[in-house]
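Q: Mind having a look at this structure? Questions to follow.
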Amino acid sequence: MPDMRFVIPRQDINRENFASSAPDFNRRSEMMNTDRGFKCRITNIVRLTEHEKLFQLRIVDPLERAIFRFKPGQFLMLELPGYGDVPISISSSSTNHEFLELCIRKAGHVTSALFTVEEGAYVAIRGPFGSSFPMDEMAGHNILLIAGGLGIAPLRAPLFWINEHRDRFLDINLLYGVKEPSQLLFTWQFEEWEMINHIRLHTIVEHGDAEWRGKRGKTGMITNLFNDISVDVKKSYAIVCGPPIMFKFVCGYLDKLGIPMNRMFVSLERRMHCGMGKCCRCMVGSTFTCIDGPVFDYWSVMNLKEAI
Amino acid sequence: MNIAKLKIASFDFTCCEGCQLQLANRESTLSDFLELLDIRNFREILSEKHDDYDIALIEGSISRQDEVERLLKIREQAKVLVAFGTCACFGGINSLKNRFRMDETVREIYGDMAIETLPVKKISDVVKVDLSIPGCPVAKEEVERIIVSLATSSLVTLPKYPVCVECKQQLNTCLFDLGEICLGPITRAGCNAVCPTGKTACLGCRGPAEELNMPAFLELVRERKLSHSDLQEKLAFYNAFEPVATDET
Amino acid sequence: MKRDFALDIRHLTRVEGHANIQITVRDGQLVDARWAIVETPRFFEVMLKGMSAERVPFLTSRICGICSISHSLASIRAVERAMVIVPPVVAEKTRLLAMHGETLQSHALHLFFLVAPDFAGTSSVLPLMQSHPDLVRAGLQLKELGNEISTITTGRCTHPVSLVVGGISKAPDKQRLFHLRTMIQESKPALEAACTFFQSLIIPDFSRETEFISLSNGSTYPAIGGQLLSTDGVIRNENDYLLMTNEYTRDFSTSKFTRLSRESSVAGALARFNNNAHLLRPGAREVATSFGLQPICHNPFMNNIAQLVECVHIIEDAEELINSLLNMELSEIKTAYTPKAGAATGAVEAPRGILYHHIETDDEGKVVKADCIIPTTQNNGNIHDDLRAIAAQGLEEGKEDQEIKKLCEMVVRSYDPCISCSVH
Amino acid sequence: MIYKVISKGEFRRFVDALVKSNNSLGPRQVDTDSQGNPVYQFKPVQSVEEIAFDYTATTSSAKHLFLPFREELSRFSFHGDDWEQQINYEADPVVLVGLRPCDISALNILDDVLLNSHFPSPYYLAKRKNTFVIGMDHLPLPDCFCKSMNHHTVTIGFNLFCSDIGDNYYLSINSSKAFNFLKEFEIRDPSHDDNCLLVERRKLIQNSFQTEIDVTALPSILDIEFDSPVWEKWGQKCLNCGTCAMVCPSCYCYSLTESCETNRKGARREKSLYSCNLVDFAVVAGGHNFRPKNGDRLKYRYYHQHRGFAENGNQQICVGCNRCGRACLSGINPKDVINDLRMEKESCLICVSSSPARI
Ligand SMILES: Cc1cc2nc3c(=O)[nH]c(=O)nc-3n(C[C@H](O)[C@H](O)[C@H](O)COP(=O)(O)OP(=O)(O)OC[C@H]3O[C@@H](n4cnc5c(N)ncnc54)[C@H](O)[C@@H]3O)c2cc1C
Ligand code: SF4
Ligand code: SF4
Ligand code: SF4
């Protein structure tokens with residue numbers, strides 16, 4: 001029989017004060033709920049290309065919906081129960097509190113399973129996590145948005161923001177390159193962006209087909225588009241999203257043009273398991289992509305080991 | 001999650017049938033496990049036979065011509081052919097026979113009786129294998145996990161790291177510290193380090209871990225002055241590793 | 001009416017391994033009835049050559065997926081006797097407990113998965129899960145108990161890891177032994193349910209006089225080692241196993257045949273019972289009586305009942321073994337030894353009968369010669385002869401072809417043949 | 001903190017009372033190695049007799065009691081198309097006897113990473129709060145280098161810490177729980193002599209270290225030497241076996257897996273401790289491996305241990321217990337690796353004008 005005098009009482013971690021505890025473990029316990037996801041209903045699925053779909057999500061619980069806020073550039077962990085969770089950038093407007101949009105490419109285990117679910121299914125999201133594009137700091141400047149391939153997905157959130165606050169910005173150029181014309185995403189928004197939001201849109205593909213050439217579309221690498229624009233380096237910010245190899249060329253070019261490194265922003269991708277700076281999967285040098293990133297200015301990236 | 005049952009069949013070749021037997025183990029989840037399956041052919045427990053299976057579990061290695069033909073037929077039918085157990089994946093202990101001449105081997109056991117036998121082959125020497133589940137015997141827990149993954153069309157994976165990870169998680173004393181050679185550092189995990197946990201050396205039944213570092217492993221055995229012949233006997237036991245140089249230096 | 005028929009069962013189902021039953025009847029006369037094993041041989045005796053003795057049990061356990069513990073222990077016993085190594089008491093008790101676990105698991109698998117469908121008229125255990133859920137649950141519970149005993153004593157239930165020459169490499173965990181004791185107590189209703197079910201079955205009426213061979217040590221129900229004893233009165237020393245078996249080959253079978261005083265003989269649960277019934281634990285003896293089973297019983301179908309009786313015995317015995325292990329200091333578990341030359345036989349009672357391993361080592365303790373004689377090999381002759389007798393009896397009684405076929409299959413299954421094991 | 005002195009006999013009675021009333025773990029001898037040395041591990045104990053108070057060091061740290069090697073984080077149960085998520089992070093109280101200062105320091109570091117950072121881990125917190133830690137000092141082993149890491153003493157992170165001052169233990173009591181328990185036993189205030197004995201004991205420990213590592217400016221050296229051939233050299237020896245990370249008291253990297261239950265009525269999210277030395281740690285979708293070579297991965301472990309990551313304010317997280325060095329079958333240990341790296345650096349600094357060719 002245990003001697004009751006020496007039995008250690010069990011301590012509930014949600015209770016703030018327990019005088020008998022040894023060290024001070026009370027800090028930040030208000031953020032305890034990080035492993036519980038918000039349940040979302042998939043309200044709409046749009047097939048963009050063979051490999052990409054746009055998922056529209058609505059947080060089920062009204063209270064959770066009301067408190068969920070994010071900044072352009074942040075990502076969330078999307079959980080498909082039974083399969084796992086993956087980091088996905090939020091691709092919708094940060095002022096839209098009704099729906100979230102996620103543009104997802106079928107890449108592996110979880111994303112393939114996501115491609116089999118239908119509208120009405122329930123998933124969970126954790127987050128938002130990570131750093132964001134400094135939209136306020138960029139106000140009053142020209143913005144150069146450069147997207148390669150799926151890089152357009154994380155660019156959509158800042159783009160929405162810019163469009164909603166169009167008067168705060170000067171010239172906006174969107175450079176968008178993909179491999180083939182069929183891979184161009186969000187084409188239905190191009191006209192709106194150009195006509196209503198006065199964004200100068202430049203697209204380029206690596207391999208154009210006959211139809212593309214017929215419409216006099218450009219072919220080549222994304223860097224070829226630089227000939228079409230004039231950049232006022234003193235008054236410009238750049239946001240670059242795409243495969244790592246693209247950073248090197250694009251940012252290298254902009255650097256040469258004279259845009260300061262701390263005015264160029266990139267979004268990095270690494271394998272993530274937790275999104276909370278604990279699993280150490282997404283380390284780049286000594287920096288966590290999930291907490292310190294995914295959005296970094298180019299100066300920081302240059303100083304990270306193994307970044308690109 | 002409602003999913004169609006997997007049309008599965010189980011076939012045994014040259015082996016002890018211990019891997020098949022594992023399918024009937026883990027009694028606590030057995031009925032749930034069988035719920036996932038539509039067993040079309042399984043001689044060991046079932047009298048009916050049907051030939052419309054999608055998944056074929058192949059147990060054992062190949063050591064006679066009629067087995068080759070039977071296997072080729074199964075390959076034609078099966079959408080997913082699974083090498084089930086170490087004998088199927090690597091040849092297993094049966095391969096120890098290959099060190100001897102076949103005619104002498106037969107004479108030794110059967111005298112002058114005419115018995116056919118071929119040098120032992122693993123399944124992938126004969127047909128294409130879609131999925132390998134190693135283990136002597138296979139671990140039912142892993143089989144269950146893989147079958148559930150197949151049923152839910154999830155990713156089927158085996159650990160890529162070596163047994164030492166799981167061994168340390170069991171707080172075992174390393175067998176090298178007890179003066180024995182253990183193949184844990186070069187063998188694929190997934191068995192929960194059963195052998196080192198029972199304090200006997202890992203003999204590598206799950207085959208090589210991914211990107212194993214054989215030179216470093218050999219160096220380790222040399223440095224600790226452990227017996228080279230013991231090492232070779234262990235490496236050869238399941239035929240899962242490339243033979244190593246014989247010099248005793 | 002004189003009838004013709006040919007029965008050709010290629011790869012009998014619900015047995016371990018590949019074998020065929022062939023019966024030919026012409027003009028109402030039984031022309032031929034044979035038990036033909038076609039399993040691919042693996043040549044273990046050759047593989048063992050040159051292997052160090054300490055590794056032998058790890059190889060021989062792979063002879064059979066069902067009775068791997070018996071094979072391990074037979075090899076270990078042979079090597080220990082050859083090199084004069086005496087294992088500590090704790091090791092011996094643990095080994096015996098391990099054997100019990102294996103036998104329980106094997107008997108449960110046989111009785112519930114392979115035999116019960118015959119009596120219930122189904123093709124496998126799967127439909128029984130719906131029609132007799134309690135019976136299947138009881139079977140699973142006993143099988144699980146057997147597996148758990150093996151796992152706790154040897155590290156895993158198939159292909160043991162901690163049975164080694166000299167003793168055991170790791171002592172069973174006392175916490176888990178406690179848990180095992182609870183499991184045993186909880187299994188008793190399952191055992192009763194099984195007995196009630198088998199009481200309700202009609203055991204085919206068939207008998208053919210034969211010779212039963214088992215181990216015997218005079219004081220306890222046999223398991224590991226002892227003298228070799230036959231119901232015809234032959235007694236031999238363990239090392240003289242060859243005189244007990246007299247192996248020979250038949251051209252239709254990859255598994256060999258054996259004989260002793262008669263054309264054929266039997267090993268297994270019924271043989272153990274016939275030779276040692278008085279050494280069973282009281283509970284087991286009671287169950288035997290309730291089935292009208294008494295020595296010497298010559299009905300092969302009663303082998304199933306003998307297995308059930310043994311389950312009762314094992315569970316009682318295991319409980320006592322666990323109690324005594326729990327009261328011991330489990331520190332001394334292995335005797336140190338230096339490998340040396342020697343030769344000896346290790347005989348154990350595997351679930352299906354006597355299993356002999358004979359091992360000869362050189363000065364470095366490497367195997368120079370090995371011989372394994374498997375219970376099913378010893379039963380082949382008797383199965384073969386029973387097939388002929390039961391088919392003839394069926395013809396005489398004017399039974400339908402299908403009925404004869406079923407009886408033939410059933411009589412083979414009652415031996416619980418372990419075919420891949422016999423062709424090792 | 002309150003300081004008291006307790007006789008060794010009375011202390012044993014105290015520990016026995018605790019151990020008998022709670023789930024407890026302490027160092028126990030589990031084996032004898034081939035050299036005849038005892039092997040210790042933290043194992044469950046039922047009475048004070050089972051605790052090896054004079055143990056040297058356990059092979060594995062006590063980390064897994066706070067960060068289990070495998071841990072279920074949450075569970076989903078499915079109903080039709082819908083599901084529910086259940087999370088349970090409660091923990092039962094545990095008494096942990098015999099932690100060394102370095103082990104406790106490692107816990108403090110884990111506290112920093114897992115509690116005082118962006119997203120505190122409730123799972124860890126529950127276990128940490130419910131573990132009653134009794135620390136004990138010891139004379140360093142020949143290969144301990146905790147002094148170099150400044151972790152040979154510890155002032156927080158335990159409930160009770162015992163310094164051996166001959167016939168008595170000098171107790172540092174750091175929680176009211178411990179103080180309450182001790183009220184039932186014979187303790188006294190430290191005398192002047194006791195204080196002197198304590199100082200002497202500390203000096204003795206301080207002076208008994210045989211292994212030292214120069215860690216000055218190590219973080220920046222690690223940054224500068226990111227591409228050093230030293231990594232390649234040690235990487236060639238590394239077996240990618242993860243042993244070092246499993247036994248280390250402060251390695252905490254993990255992986256998450258989700259698996260469906262066999263009856264498909266639910267799924268579990270499970271966390272398993274991982275190691276940056278394992279081959280697939282940095283593999284991303286599509287199969288690209290950011291750290292394909294042994295050396296890259298080994299470097300990352302050292303980078304993490306000795307340079308520190310942001311969540312921990314870029315502090316070193318290695319406490320200098322050398323468990324990794326002892327357990328590594330390839331003889332890779334922090335002292336040799338770091339010295340090698342330093343040599344590299346320093347030999348270059350000496351030859352300011354023309355660097356010698358690398359062999
Ligand atoms: C910040 C950020 C933003 C991103 N935004 C987007 C976006 O907007 N759109 C988009 O399409 N993609 C985006 N990605 C990429 C996306 O996260 C990956 O494509 C995705 O994680 C691939 O996951 P998968 O499960 O399909 O592939 P896999 O790599 O097959 O699986 C990843 C997960 O499955 C499990 N897993 C995989 N392999 C194994 C194994 N061998 N063993 C055990 N478990 C395994 C792991 O738990 C892992 O988390 C982003 C990535 C990051 C880091
Ligand atoms: S016993 Fe074997 S598996 Fe375990 S750590 Fe040592 S080498 Fe690795
Ligand atoms: S450093 Fe040593 S212990 Fe760590 S992974 Fe490499 S070989 Fe294993
Ligand atoms: S890295 Fe090695 S020395 Fe440092 S704390 Fe971990 S195990 Fe101890």
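Ligands are numbered from 1 in the order shown, residues from 1 within each chain, and chains are lettered A, B, ... in the order they appear in the structure tokens.
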Which residues are near ligand 3 in this structure, taking near to mean any atom at most 9 Å from a ligand atom and counting only C-alpha atoms and all ligand atoms? Format them as a PyMOL selection string.

A: (chain B and resi 164-165+185+216) or (chain D and resi 234-235+237-247+275-278+294+297-298+301+324-333)

Q: Distance limit 8 Å, reference ligand 2, atoms considered: only C-alpha atoms and all ligand atoms. Which residues make the cut? Give them as JSON, numbers by chain.

A: {"B": [162, 163, 164, 165, 166, 167, 168, 172, 173, 174, 175, 176, 177, 181, 182, 183, 184, 185, 193, 196, 197, 199, 201, 202], "D": [241, 243, 329]}

Q: Please, could you write that set of residues out with N, CA, C and O atoms as a compact mmCIF listing (two decimals), in the first residue's frame?

A:
```txt
# COMPACT_ATOMS: atom_id res chain seq x y z
N PRO B 162 18.67 1.92 -39.83
CA PRO B 162 19.03 0.59 -39.34
C PRO B 162 18.43 0.24 -37.98
O PRO B 162 17.88 1.09 -37.27
N VAL B 163 18.58 -1.04 -37.62
CA VAL B 163 17.99 -1.61 -36.41
C VAL B 163 18.43 -0.91 -35.12
O VAL B 163 17.67 -0.83 -34.16
N CYS B 164 19.67 -0.38 -35.12
CA CYS B 164 20.19 0.26 -33.90
C CYS B 164 19.21 1.29 -33.33
O CYS B 164 19.09 1.42 -32.12
N VAL B 165 18.52 2.01 -34.19
CA VAL B 165 17.59 3.03 -33.71
C VAL B 165 16.57 2.39 -32.78
O VAL B 165 16.34 2.84 -31.66
N GLU B 166 15.97 1.30 -33.26
CA GLU B 166 14.94 0.65 -32.45
C GLU B 166 15.56 -0.05 -31.25
O GLU B 166 14.94 -0.14 -30.18
N CYS B 167 16.77 -0.54 -31.43
CA CYS B 167 17.47 -1.23 -30.34
C CYS B 167 17.72 -0.27 -29.18
O CYS B 167 17.49 -0.59 -28.02
N LYS B 168 18.18 0.93 -29.52
CA LYS B 168 18.44 1.92 -28.47
C LYS B 168 17.15 2.35 -27.80
O LYS B 168 17.12 2.68 -26.63
N ASN B 172 18.44 -1.42 -24.84
CA ASN B 172 19.29 -2.61 -24.78
C ASN B 172 20.74 -2.24 -24.59
O ASN B 172 21.17 -1.15 -24.96
N THR B 173 21.49 -3.17 -24.04
CA THR B 173 22.93 -3.01 -24.03
C THR B 173 23.42 -3.49 -25.39
O THR B 173 23.05 -4.57 -25.83
N CYS B 174 24.23 -2.68 -26.02
CA CYS B 174 24.68 -3.03 -27.37
C CYS B 174 25.49 -4.33 -27.32
O CYS B 174 26.34 -4.51 -26.45
N LEU B 175 25.20 -5.23 -28.24
CA LEU B 175 25.89 -6.52 -28.24
C LEU B 175 27.37 -6.38 -28.52
O LEU B 175 28.17 -7.21 -28.10
N PHE B 176 27.75 -5.33 -29.22
CA PHE B 176 29.18 -5.10 -29.43
C PHE B 176 29.87 -4.86 -28.08
O PHE B 176 30.99 -5.27 -27.87
N ASP B 177 29.15 -4.20 -27.17
CA ASP B 177 29.72 -3.98 -25.84
C ASP B 177 29.82 -5.29 -25.05
O ASP B 177 30.57 -5.40 -24.10
N ILE B 181 29.35 -9.74 -32.45
CA ILE B 181 29.07 -9.02 -33.68
C ILE B 181 27.57 -9.00 -33.89
O ILE B 181 26.92 -10.03 -33.81
N CYS B 182 27.04 -7.84 -34.16
CA CYS B 182 25.61 -7.71 -34.39
C CYS B 182 25.44 -7.00 -35.73
O CYS B 182 26.15 -6.05 -36.02
N LEU B 183 24.52 -7.45 -36.55
CA LEU B 183 24.34 -6.80 -37.86
C LEU B 183 23.36 -5.62 -37.79
O LEU B 183 22.99 -5.06 -38.82
N GLY B 184 22.97 -5.25 -36.59
CA GLY B 184 22.04 -4.13 -36.42
C GLY B 184 22.40 -2.87 -37.18
O GLY B 184 21.55 -2.26 -37.82
N PRO B 185 23.68 -2.44 -37.15
CA PRO B 185 24.00 -1.16 -37.79
C PRO B 185 23.81 -1.13 -39.31
O PRO B 185 23.81 -0.07 -39.90
N ALA B 193 13.75 -4.39 -33.24
CA ALA B 193 14.98 -4.96 -32.72
C ALA B 193 14.73 -6.19 -31.86
O ALA B 193 15.30 -6.33 -30.79
N PRO B 196 18.27 -8.31 -30.84
CA PRO B 196 19.08 -7.70 -29.79
C PRO B 196 18.31 -7.54 -28.47
O PRO B 196 18.90 -7.64 -27.40
N THR B 197 17.01 -7.35 -28.55
CA THR B 197 16.23 -7.22 -27.32
C THR B 197 16.19 -8.57 -26.57
O THR B 197 16.16 -8.60 -25.36
N LYS B 199 18.67 -10.38 -26.61
CA LYS B 199 20.11 -10.54 -26.39
C LYS B 199 20.76 -11.55 -27.31
O LYS B 199 21.64 -12.30 -26.90
N ALA B 201 22.38 -11.72 -31.42
CA ALA B 201 22.80 -10.80 -32.46
C ALA B 201 21.79 -10.72 -33.59
O ALA B 201 21.16 -11.72 -33.95
N CYS B 202 21.64 -9.54 -34.15
CA CYS B 202 20.86 -9.37 -35.37
C CYS B 202 21.61 -10.08 -36.49
O CYS B 202 22.81 -9.90 -36.65
N CYS D 241 23.50 5.37 -37.90
CA CYS D 241 22.70 4.44 -37.11
C CYS D 241 21.81 5.16 -36.10
O CYS D 241 20.94 4.53 -35.49
N THR D 243 22.22 6.03 -33.19
CA THR D 243 22.45 5.70 -31.78
C THR D 243 22.75 6.95 -30.96
O THR D 243 22.19 7.15 -29.87
N LEU D 329 29.52 3.28 -32.19
CA LEU D 329 30.34 2.11 -32.52
C LEU D 329 31.53 2.51 -33.36
O LEU D 329 32.53 1.80 -33.41
```

Q: Would you mind listing the residues within 6 Å of ligand 4, counting only C-alpha atoms and all ligand atoms, as number ranges by chain?

A: D: 248-250, 305, 318-324

Q: Kindly provide the residues of chain A that approach ligand 1 to within 8 Å, each paired with its closest atom pair and their distance in Å to one decimal, based on only C-alpha atoms and all ligand atoms, listed by chain and increasing number, as JSON lines.

A:
```
{"residue": "A:Glu52", "atom": "CA", "partner": "ligand 1", "partner_atom_place_in_ligand_line": "11 (O)", "distance": 7.1}
{"residue": "A:Gln74", "atom": "CA", "partner": "ligand 1", "partner_atom_place_in_ligand_line": "1 (C)", "distance": 7.5}
{"residue": "A:Phe75", "atom": "CA", "partner": "ligand 1", "partner_atom_place_in_ligand_line": "1 (C)", "distance": 5.7}
{"residue": "A:Leu76", "atom": "CA", "partner": "ligand 1", "partner_atom_place_in_ligand_line": "3 (C)", "distance": 7.8}
{"residue": "A:Tyr83", "atom": "CA", "partner": "ligand 1", "partner_atom_place_in_ligand_line": "34 (O)", "distance": 7.7}
{"residue": "A:Gly84", "atom": "CA", "partner": "ligand 1", "partner_atom_place_in_ligand_line": "47 (O)", "distance": 5.9}
{"residue": "A:Asp85", "atom": "CA", "partner": "ligand 1", "partner_atom_place_in_ligand_line": "49 (O)", "distance": 6.0}
{"residue": "A:Val86", "atom": "CA", "partner": "ligand 1", "partner_atom_place_in_ligand_line": "21 (O)", "distance": 4.3}
{"residue": "A:Pro87", "atom": "CA", "partner": "ligand 1", "partner_atom_place_in_ligand_line": "17 (O)", "distance": 4.2}
{"residue": "A:Ile88", "atom": "CA", "partner": "ligand 1", "partner_atom_place_in_ligand_line": "5 (N)", "distance": 3.5}
{"residue": "A:Ser89", "atom": "CA", "partner": "ligand 1", "partner_atom_place_in_ligand_line": "8 (O)", "distance": 3.9}
{"residue": "A:Ile90", "atom": "CA", "partner": "ligand 1", "partner_atom_place_in_ligand_line": "8 (O)", "distance": 6.4}
{"residue": "A:Ser91", "atom": "CA", "partner": "ligand 1", "partner_atom_place_in_ligand_line": "8 (O)", "distance": 6.8}
{"residue": "A:Leu102", "atom": "CA", "partner": "ligand 1", "partner_atom_place_in_ligand_line": "8 (O)", "distance": 6.1}
{"residue": "A:Cys103", "atom": "CA", "partner": "ligand 1", "partner_atom_place_in_ligand_line": "9 (N)", "distance": 5.1}
{"residue": "A:Ile104", "atom": "CA", "partner": "ligand 1", "partner_atom_place_in_ligand_line": "11 (O)", "distance": 3.3}
{"residue": "A:Arg105", "atom": "CA", "partner": "ligand 1", "partner_atom_place_in_ligand_line": "11 (O)", "distance": 3.6}
{"residue": "A:Lys106", "atom": "CA", "partner": "ligand 1", "partner_atom_place_in_ligand_line": "26 (O)", "distance": 6.2}
{"residue": "A:Ala107", "atom": "CA", "partner": "ligand 1", "partner_atom_place_in_ligand_line": "26 (O)", "distance": 4.5}
{"residue": "A:Gly108", "atom": "CA", "partner": "ligand 1", "partner_atom_place_in_ligand_line": "26 (O)", "distance": 3.2}
{"residue": "A:His109", "atom": "CA", "partner": "ligand 1", "partner_atom_place_in_ligand_line": "25 (O)", "distance": 3.9}
{"residue": "A:Val110", "atom": "CA", "partner": "ligand 1", "partner_atom_place_in_ligand_line": "25 (O)", "distance": 3.5}
{"residue": "A:Thr111", "atom": "CA", "partner": "ligand 1", "partner_atom_place_in_ligand_line": "26 (O)", "distance": 3.6}
{"residue": "A:Ser112", "atom": "CA", "partner": "ligand 1", "partner_atom_place_in_ligand_line": "26 (O)", "distance": 5.8}
{"residue": "A:Ala113", "atom": "CA", "partner": "ligand 1", "partner_atom_place_in_ligand_line": "26 (O)", "distance": 7.8}
{"residue": "A:Gly130", "atom": "CA", "partner": "ligand 1", "partner_atom_place_in_ligand_line": "1 (C)", "distance": 7.7}
{"residue": "A:Leu150", "atom": "CA", "partner": "ligand 1", "partner_atom_place_in_ligand_line": "9 (N)", "distance": 6.9}
{"residue": "A:Gly151", "atom": "CA", "partner": "ligand 1", "partner_atom_place_in_ligand_line": "8 (O)", "distance": 7.9}
{"residue": "A:Ala153", "atom": "CA", "partner": "ligand 1", "partner_atom_place_in_ligand_line": "8 (O)", "distance": 5.3}
{"residue": "A:Pro154", "atom": "CA", "partner": "ligand 1", "partner_atom_place_in_ligand_line": "8 (O)", "distance": 5.9}
{"residue": "A:Ser267", "atom": "CA", "partner": "ligand 1", "partner_atom_place_in_ligand_line": "1 (C)", "distance": 7.2}
{"residue": "A:Leu268", "atom": "CA", "partner": "ligand 1", "partner_atom_place_in_ligand_line": "1 (C)", "distance": 6.5}
{"residue": "A:Glu269", "atom": "CA", "partner": "ligand 1", "partner_atom_place_in_ligand_line": "53 (C)", "distance": 3.8}
{"residue": "A:Arg270", "atom": "CA", "partner": "ligand 1", "partner_atom_place_in_ligand_line": "53 (C)", "distance": 4.5}
{"residue": "A:Arg271", "atom": "CA", "partner": "ligand 1", "partner_atom_place_in_ligand_line": "53 (C)", "distance": 5.8}
{"residue": "A:Met272", "atom": "CA", "partner": "ligand 1", "partner_atom_place_in_ligand_line": "53 (C)", "distance": 6.1}
{"residue": "A:His273", "atom": "CA", "partner": "ligand 1", "partner_atom_place_in_ligand_line": "49 (O)", "distance": 5.1}
{"residue": "A:Cys282", "atom": "CA", "partner": "ligand 1", "partner_atom_place_in_ligand_line": "53 (C)", "distance": 7.6}
{"residue": "A:Thr289", "atom": "CA", "partner": "ligand 1", "partner_atom_place_in_ligand_line": "1 (C)", "distance": 7.2}
{"residue": "A:Cys290", "atom": "CA", "partner": "ligand 1", "partner_atom_place_in_ligand_line": "1 (C)", "distance": 6.6}
{"residue": "A:Gly293", "atom": "CA", "partner": "ligand 1", "partner_atom_place_in_ligand_line": "1 (C)", "distance": 7.7}
{"residue": "A:Pro294", "atom": "CA", "partner": "ligand 1", "partner_atom_place_in_ligand_line": "1 (C)", "distance": 5.2}
```

Q: Can you work out which one of D:Val39, D:Val97, D:Ile134, D:Ala217 has the shortest atom-to-atom distance to chain B, counting only C-alpha atoms?

A: D:Val39

Q: Which distance in Å separates CA of Phe133 (chain A) and CA of Cys241 (chain A), to one decimal?

A: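 About the pair CA of Phe133 (chain A) and CA of Cys241 (chain A): they are 11.7 Å apart.
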
Q: Between chain B and chain C, at 6 Å or less, what are the per-residue closest atom pairs and their distances in Å? Count only C-alpha atoms, order by chain and rising residue number, and return it as JSON lines.

A:
```
{"residue": "B:Thr14", "atom": "CA", "partner": "C:Thr40", "partner_atom": "CA", "distance": 5.9}
{"residue": "B:Cys16", "atom": "CA", "partner": "C:Cys64", "partner_atom": "CA", "distance": 4.6}
{"residue": "B:Glu17", "atom": "CA", "partner": "C:Gly65", "partner_atom": "CA", "distance": 5.3}
{"residue": "B:Gly18", "atom": "CA", "partner": "C:Gly65", "partner_atom": "CA", "distance": 3.5}
{"residue": "B:Arg43", "atom": "CA", "partner": "C:Thr13", "partner_atom": "CA", "distance": 4.9}
{"residue": "B:Glu44", "atom": "CA", "partner": "C:Arg14", "partner_atom": "CA", "distance": 4.5}
{"residue": "B:Ile45", "atom": "CA", "partner": "C:Arg14", "partner_atom": "CA", "distance": 4.5}
{"residue": "B:Leu46", "atom": "CA", "partner": "C:Ser124", "partner_atom": "CA", "distance": 4.8}
{"residue": "B:Ser47", "atom": "CA", "partner": "C:Ser123", "partner_atom": "CA", "distance": 5.1}
{"residue": "B:Leu96", "atom": "CA", "partner": "C:Met47", "partner_atom": "CA", "distance": 5.4}
{"residue": "B:Lys97", "atom": "CA", "partner": "C:Met47", "partner_atom": "CA", "distance": 5.2}
{"residue": "B:Cys195", "atom": "CA", "partner": "C:Val161", "partner_atom": "CA", "distance": 5.6}
{"residue": "B:Gly198", "atom": "CA", "partner": "C:Ser162", "partner_atom": "CA", "distance": 5.2}
{"residue": "B:Lys199", "atom": "CA", "partner": "C:Ser169", "partner_atom": "CA", "distance": 5.7}
```

Q: Per residue of chain D within 12 Å of chain C, record the nearest atom pair and its distance in Å to one decimal, counting only C-alpha atoms, with rows in chain order and ascending residue number, as a Markdown table.

A:
```
| residue | atom | partner | partner_atom | distance |
| --- | --- | --- | --- | --- |
| D:Val30 | CA | C:Ser331 | CA | 10.8 |
| D:Asp31 | CA | C:Ser331 | CA | 10.7 |
| D:Pro44 | CA | C:Gln175 | CA | 11.2 |
```

Q: Only N, CA and C atoms, please: the residues just picked out, written as a PDB file, in the first residue's frame.

A:
```
ATOM      1  N   VAL D  30      22.144  -3.207 -15.498  1.00  0.00           N
ATOM      2  CA  VAL D  30      21.388  -4.106 -16.353  1.00  0.00           C
ATOM      3  C   VAL D  30      22.271  -5.169 -16.994  1.00  0.00           C
ATOM      4  N   ASP D  31      23.569  -4.944 -16.992  1.00  0.00           N
ATOM      5  CA  ASP D  31      24.476  -5.872 -17.666  1.00  0.00           C
ATOM      6  C   ASP D  31      25.892  -5.652 -17.165  1.00  0.00           C
ATOM      7  N   PRO D  44      12.601   1.048 -13.977  1.00  0.00           N
ATOM      8  CA  PRO D  44      11.655   1.116 -12.869  1.00  0.00           C
ATOM      9  C   PRO D  44      12.248   0.475 -11.613  1.00  0.00           C
TER      10      PRO D  44
END
```
